[in-house]
Structure formats: C-alpha cells, structure tokens
>>> print(open('final-v1.cif').read())   # mmCIF, C-alpha atoms
data_data
loop_
_atom_site.group_PDB
_atom_site.id
_atom_site.type_symbol
_atom_site.label_atom_id
_atom_site.label_comp_id
_atom_site.auth_asym_id
_atom_site.auth_seq_id
_atom_site.Cartn_x
_atom_site.Cartn_y
_atom_site.Cartn_z
ATOM 1 C CA MET C 2 44.807 37.658 -178.531
ATOM 2 C CA HIS C 3 42.881 34.393 -178.344
ATOM 3 C CA ASP C 4 40.250 35.496 -180.889
ATOM 4 C CA ALA C 5 42.881 36.910 -183.260
ATOM 5 C CA THR C 6 44.787 33.618 -183.194
ATOM 6 C CA VAL C 7 41.654 31.543 -183.846
ATOM 7 C CA THR C 8 40.874 33.868 -186.778
ATOM 8 C CA LEU C 9 44.468 33.589 -188.086
ATOM 9 C CA ILE C 10 44.383 29.783 -188.071
ATOM 10 C CA GLY C 11 40.953 29.874 -189.730
ATOM 11 C CA GLN C 12 42.389 32.093 -192.472
ATOM 12 C CA TYR C 13 45.283 29.650 -192.936
ATOM 13 C CA TYR C 14 42.885 26.759 -193.563
ATOM 14 C CA ALA C 15 40.603 28.871 -195.752
ATOM 15 C CA ALA C 16 43.634 29.606 -197.949
ATOM 16 C CA PHE C 17 44.573 25.901 -197.853
ATOM 17 C CA ASN C 18 41.092 24.890 -198.996
ATOM 18 C CA ALA C 19 41.178 27.507 -201.764
ATOM 19 C CA GLY C 20 44.530 26.186 -203.034
ATOM 20 C CA ASP C 21 45.953 29.642 -202.290
ATOM 21 C CA SER C 22 49.612 28.968 -201.432
ATOM 22 C CA ALA C 23 50.454 32.677 -201.557
ATOM 23 C CA GLY C 24 47.665 33.347 -199.075
ATOM 24 C CA MET C 25 49.012 30.684 -196.735
ATOM 25 C CA LEU C 26 52.576 31.992 -197.013
ATOM 26 C CA ALA C 27 51.428 35.543 -196.222
ATOM 27 C CA LEU C 28 50.270 34.302 -192.809
ATOM 28 C CA LEU C 29 53.683 32.850 -191.860
ATOM 29 C CA THR C 30 56.758 34.412 -190.314
ATOM 30 C CA ASP C 31 59.848 34.431 -192.542
ATOM 31 C CA ASP C 32 61.523 31.966 -190.155
ATOM 32 C CA VAL C 33 58.532 29.635 -189.797
ATOM 33 C CA ARG C 34 59.339 26.175 -188.439
ATOM 34 C CA HIS C 35 57.482 23.357 -190.176
ATOM 35 C CA ASP C 36 57.489 19.934 -188.543
ATOM 36 C CA VAL C 37 56.469 17.542 -191.311
ATOM 37 C CA ASN C 38 54.557 14.446 -190.184
ATOM 38 C CA GLU C 39 57.103 11.624 -189.752
ATOM 39 C CA GLY C 40 59.676 13.775 -191.546
ATOM 40 C CA ALA C 41 62.275 16.450 -191.085
ATOM 41 C CA THR C 42 61.835 19.890 -189.595
ATOM 42 C CA GLN C 43 62.055 22.601 -192.221
ATOM 43 C CA VAL C 44 62.782 26.245 -191.436
ATOM 44 C CA GLY C 45 61.824 29.309 -193.428
ATOM 45 C CA ALA C 46 59.027 30.503 -195.657
ATOM 46 C CA GLN C 47 60.976 29.474 -198.758
ATOM 47 C CA ALA C 48 61.176 25.857 -197.558
ATOM 48 C CA PHE C 49 57.466 25.955 -196.729
ATOM 49 C CA ALA C 50 56.699 27.268 -200.233
ATOM 50 C CA ALA C 51 58.694 24.398 -201.768
ATOM 51 C CA PHE C 52 56.777 21.929 -199.589
ATOM 52 C CA LEU C 53 53.444 23.372 -200.767
ATOM 53 C CA THR C 54 54.546 23.154 -204.402
ATOM 54 C CA ARG C 55 55.472 19.487 -203.976
ATOM 55 C CA MET C 56 52.190 18.748 -202.215
ATOM 56 C CA ASP C 57 50.190 20.399 -205.017
ATOM 57 C CA VAL C 58 51.808 18.058 -207.559
ATOM 58 C CA HIS C 59 50.927 14.890 -205.631
ATOM 59 C CA TYR C 60 47.739 15.638 -203.688
ATOM 60 C CA ARG C 61 44.467 17.541 -203.821
ATOM 61 C CA GLU C 62 43.172 18.052 -200.291
ATOM 62 C CA ARG C 63 40.492 19.873 -198.359
ATOM 63 C CA ALA C 64 40.321 20.350 -194.578
ATOM 64 C CA GLU C 65 36.798 19.812 -193.245
ATOM 65 C CA GLU C 66 35.219 19.771 -189.783
ATOM 66 C CA LEU C 67 37.828 22.301 -188.602
ATOM 67 C CA VAL C 68 38.007 23.040 -184.881
ATOM 68 C CA VAL C 69 40.590 25.599 -183.704
ATOM 69 C CA MET C 70 41.662 26.120 -180.095
ATOM 70 C CA SER C 71 44.016 28.738 -178.685
ATOM 71 C CA THR C 72 45.747 29.577 -175.444
ATOM 72 C CA PRO C 73 44.346 32.692 -173.745
ATOM 73 C CA ASP C 74 47.427 34.745 -174.716
ATOM 74 C CA GLY C 75 47.145 33.617 -178.358
ATOM 75 C CA THR C 76 50.742 32.402 -178.651
ATOM 76 C CA ARG C 77 49.819 28.743 -179.229
ATOM 77 C CA ALA C 78 46.977 27.076 -181.036
ATOM 78 C CA SER C 79 45.833 23.689 -182.217
ATOM 79 C CA ALA C 80 43.482 22.531 -184.903
ATOM 80 C CA GLU C 81 41.661 19.283 -185.434
ATOM 81 C CA PHE C 82 40.142 18.476 -188.795
ATOM 82 C CA VAL C 83 39.513 15.772 -191.347
ATOM 83 C CA ILE C 84 41.415 15.810 -194.632
ATOM 84 C CA HIS C 85 39.464 14.702 -197.682
ATOM 85 C CA GLY C 86 42.008 14.083 -200.382
ATOM 86 C CA GLU C 87 42.909 12.616 -203.717
ATOM 87 C CA TYR C 88 46.304 11.084 -204.461
ATOM 88 C CA LEU C 89 47.153 12.514 -207.889
ATOM 89 C CA ARG C 90 50.737 11.533 -208.671
ATOM 90 C CA THR C 91 53.074 9.038 -207.010
ATOM 91 C CA ASP C 92 55.123 10.621 -204.241
ATOM 92 C CA GLU C 93 58.641 9.220 -203.777
ATOM 93 C CA GLY C 94 58.760 6.243 -201.429
ATOM 94 C CA LEU C 95 54.969 5.915 -201.246
ATOM 95 C CA PRO C 96 52.442 3.652 -202.990
ATOM 96 C CA GLU C 97 51.599 4.244 -206.647
ATOM 97 C CA ALA C 98 49.044 7.000 -207.234
ATOM 98 C CA ARG C 99 45.949 6.184 -209.258
ATOM 99 C CA GLY C 100 43.608 8.957 -208.171
ATOM 100 C CA GLN C 101 42.749 7.192 -204.906
ATOM 101 C CA ARG C 102 40.595 9.126 -202.461
ATOM 102 C CA TYR C 103 41.245 9.160 -198.726
ATOM 103 C CA VAL C 104 39.765 10.582 -195.525
ATOM 104 C CA LEU C 105 42.172 11.152 -192.674
ATOM 105 C CA PRO C 106 41.895 12.774 -189.216
ATOM 106 C CA VAL C 107 44.669 15.334 -188.601
ATOM 107 C CA GLY C 108 45.941 17.282 -185.615
ATOM 108 C CA ALA C 109 47.991 20.449 -186.077
ATOM 109 C CA PHE C 110 49.828 22.646 -183.612
ATOM 110 C CA PHE C 111 50.906 26.253 -184.064
ATOM 111 C CA GLU C 112 53.024 28.937 -182.462
ATOM 112 C CA VAL C 113 52.043 32.519 -183.225
ATOM 113 C CA ARG C 114 54.346 35.528 -183.052
ATOM 114 C CA GLY C 115 53.494 39.087 -184.035
ATOM 115 C CA GLY C 116 50.159 38.054 -185.509
ATOM 116 C CA ARG C 117 51.725 35.480 -187.846
ATOM 117 C CA ILE C 118 52.265 31.724 -187.693
ATOM 118 C CA ALA C 119 55.801 30.893 -186.519
ATOM 119 C CA ARG C 120 55.433 27.086 -186.280
ATOM 120 C CA VAL C 121 53.258 24.467 -187.968
ATOM 121 C CA THR C 122 53.369 20.860 -186.739
ATOM 122 C CA ASN C 123 51.072 18.276 -188.338
ATOM 123 C CA TYR C 124 50.234 14.780 -187.132
ATOM 124 C CA TYR C 125 48.243 12.096 -188.899
ATOM 125 C CA ASN C 126 48.312 8.321 -189.134
ATOM 126 C CA LEU C 127 50.536 7.543 -192.135
ATOM 127 C CA ALA C 128 49.778 3.808 -191.838
ATOM 128 C CA ASP C 129 46.049 4.561 -192.180
ATOM 129 C CA TRP C 130 46.692 6.777 -195.224
ATOM 130 C CA THR C 131 48.867 4.055 -196.775
ATOM 131 C CA ARG C 132 46.164 1.449 -196.194
ATOM 132 C CA GLN C 133 43.546 3.687 -197.814
ATOM 133 C CA VAL C 134 45.569 4.389 -200.966
ATOM 134 C CA SER C 135 46.905 0.841 -201.325
ATOM 135 C CA HIS C 136 43.506 -0.697 -202.133
#
>>> encode(input="final-v1.cif", output="structure tokens")
Amino acid sequence: MHDATVTLIGQYYAAFNAGDSAGMLALLTDDVRHDVNEGATQVGAQAFAAFLTRMDVHYRERAEELVVMSTPDGTRASAEFVIHGEYLRTDEGLPEARGQRYVLPVGAFFEVRGGRIARVTNYYNLADWTRQVSH
C-alpha cells in the first residue's frame, strides 16, 4: 500500500505540473475534502474542479523538489515541495497581479481511500507569498 500511495501522490503532482486538471480530478474520490490554505474546507470533486479553474485563471505554478512520504498502510501521505509560480491575474482580496514570480515552500497532507485521494490539505506561508508579489 505504501508504494501505491507514493505513486498516486506522484501522479497527482505530475498532472498538476502538466496543467492537467482532468488528470488530477481522476485521482480523487467523488467526496474529496479539500482544506484550502487559510480558507474554507470544500467537499466534492465538483468543488475541487471549480477551485482548479479559478487557480488556472490567476496563477501558473509548478511543484519542484517533490518529496512524498506515506504511512505503511498507505492511508495517509504527505508531500513537501517548492512552488515556482507566476501571478497572472489579480485574485480577489490579494495584491494586484503584474506577472510577478514567486518561490514558496509548501506542505501537503493526504488521505487515501480505495486507491484514490480522499483529502487534500495544503499549507504555505501566505505572508511570504504576499511579500514576494507586493514588490
């Protein structure tokens, strides 16, 4: 189970880096729980799809230096990586976008059920991101 979960999370980030939202969604359970950094918890693949669509409008990002860890039974996993991004269009309540680039460490946590991702929780330092795009 451990190896399958590490592979699953690797596939999730490969799809992310390819800009393949459909590929990401195919790896999620229908009732996926998404804990947005400093935001609300969203439930369901449809809500996750809407989140991805919004993100694609405002940001272009790539996860690099990916390290994935899993519990022995494969039901939980974590990932550590560095986001290299570009702020494309102003997101509501955030600084004005002017194509600023940013580099941001991220931690993510996952629950896996039936070979699919049932929870995604992301953490990053929003104050650091804000500082980077405000210059």
>>> closest_residue(input="final-v1.cif", among="C:Phe49, C:Asn18, C:Ala78, C:Glu62", to="Arg114 in chain C", atoms="all atoms listed in the file")
C:Ala78
>>> resolve_selection(input="final-v1.cif", expression="the PyMOL selection byres ((chain C and resi 79-81) around 10)", output="PyMOL selection string")
chain C and resi 7+10-11+14+64-72+77-78+82-84+106-112+121-124
>>> closest_residue(input="final-v1.cif", among="C:Asp74, C:Asp4, C:His85, C:Arg117", to="Met25 in chain C", atoms="all atoms listed in the file")
C:Arg117
>>> closest_residue(input="final-v1.cif", among="C:Leu28, C:Gly20, C:Asn126, C:Pro73", to="Thr54 in chain C", atoms="all atoms listed in the file")
C:Gly20
>>> atom_distance(input="final-v1.cif", atom1="CA of Leu26 in chain C", atom2="CA of Gly40 in chain C")
20.3 Å
>>> closest_residue(input="final-v1.cif", among="C:Val134, C:Ala19, C:Ala5, C:Ala128", to="Gln101 in chain C", atoms="only C-alpha atoms")
C:Val134
>>> residues_near_point(input="final-v1.cif", point="(54.1, 6.7, -208.9)", cutoff="12 Å", atoms="all atoms listed in the file", output="list in words")
Val58, His59, Tyr88, Leu89, Arg90, Thr91, Asp92, Glu93, Gly94, Leu95, Pro96, Glu97, Ala98, Arg99, Gly100, Val134 and Ser135 of chain C
>>> closest_residue(input="final-v1.cif", among="C:His3, C:Ala119, C:Arg55, C:Leu9", to="Asp36 in chain C", atoms="all atoms listed in the file")
C:Ala119
>>> axis_aligned_box(input="final-v1.cif", around="range 82-87 of chain C", padding_each_side="4 Å", output="AutoDock Vina command-line options")
--center_x 41.2 --center_y 15.5 --center_z -196.3 --size_x 11.4 --size_y 13.9 --size_z 22.9
>>> resolve_selection(input="final-v1.cif", expression="the PyMOL selection byres ((chain C and resi 34) around 7)", output="PyMOL selection string")
chain C and resi 32-33+35-36+42-45+119-121
>>> atom_distance(input="final-v1.cif", atom1="CA of Gln12 in chain C", atom2="CA of Tyr103 in chain C")
23.8 Å
>>> closest_residue(input="final-v1.cif", among="C:Arg102, C:Tyr125, C:Glu87, C:Gln47", to="Thr30 in chain C", atoms="only C-alpha atoms")
C:Gln47
>>> decode(input="final-v1.cif", residues="range 3-55 of chain C", atoms="C-alpha atoms", output="CSV table (one decimal), in the first residue's frame")
chain,number,residue,atom,x,y,z
C,3,HIS,CA,2.8,2.4,0.9
C,4,ASP,CA,4.4,2.3,-2.6
C,5,ALA,CA,1.0,2.6,-4.3
C,6,THR,CA,0.2,5.7,-2.3
C,7,VAL,CA,3.6,7.3,-3.0
C,8,THR,CA,3.0,6.6,-6.7
C,9,LEU,CA,-0.6,8.0,-6.5
C,10,ILE,CA,0.6,11.3,-5.0
C,11,GLY,CA,3.4,11.5,-7.6
C,12,GLN,CA,0.8,11.1,-10.3
C,13,TYR,CA,-1.2,13.9,-8.8
C,14,TYR,CA,1.7,16.3,-8.9
C,15,ALA,CA,2.7,15.2,-12.4
C,16,ALA,CA,-0.8,16.1,-13.6
C,17,PHE,CA,-0.5,19.4,-11.6
C,18,ASN,CA,2.8,20.2,-13.3
C,19,ALA,CA,1.3,19.3,-16.7
C,20,GLY,CA,-1.7,21.6,-16.2
C,21,ASP,CA,-3.9,18.5,-16.5
C,22,SER,CA,-6.9,19.3,-14.3
C,23,ALA,CA,-8.8,16.3,-15.6
C,24,GLY,CA,-5.9,14.1,-14.7
C,25,MET,CA,-5.8,15.5,-11.2
C,26,LEU,CA,-9.6,15.0,-10.8
C,27,ALA,CA,-9.4,11.4,-11.9
C,28,LEU,CA,-7.2,10.6,-8.9
C,29,LEU,CA,-9.7,12.0,-6.4
C,30,THR,CA,-12.7,10.4,-4.7
C,31,ASP,CA,-16.1,12.0,-5.6
C,32,ASP,CA,-16.4,13.2,-2.0
C,33,VAL,CA,-12.8,14.6,-1.7
C,34,ARG,CA,-12.3,17.0,1.1
C,35,HIS,CA,-10.1,20.0,0.2
C,36,ASP,CA,-8.7,22.1,3.0
C,37,VAL,CA,-7.7,25.4,1.3
C,38,ASN,CA,-4.7,27.2,2.9
C,39,GLU,CA,-6.2,29.8,5.3
C,40,GLY,CA,-9.6,29.2,3.7
C,41,ALA,CA,-12.7,27.1,3.9
C,42,THR,CA,-13.0,23.4,3.6
C,43,GLN,CA,-14.6,22.4,0.3
C,44,VAL,CA,-16.1,19.0,-0.3
C,45,GLY,CA,-16.6,17.1,-3.6
C,46,ALA,CA,-14.8,16.7,-6.9
C,47,GLN,CA,-17.0,19.4,-8.4
C,48,ALA,CA,-15.9,22.0,-5.9
C,49,PHE,CA,-12.3,20.9,-6.4
C,50,ALA,CA,-12.7,21.3,-10.2
C,51,ALA,CA,-14.1,24.9,-9.6
C,52,PHE,CA,-11.1,25.6,-7.4
C,53,LEU,CA,-8.7,24.4,-10.1
C,54,THR,CA,-10.4,26.5,-12.7
C,55,ARG,CA,-10.1,29.6,-10.6
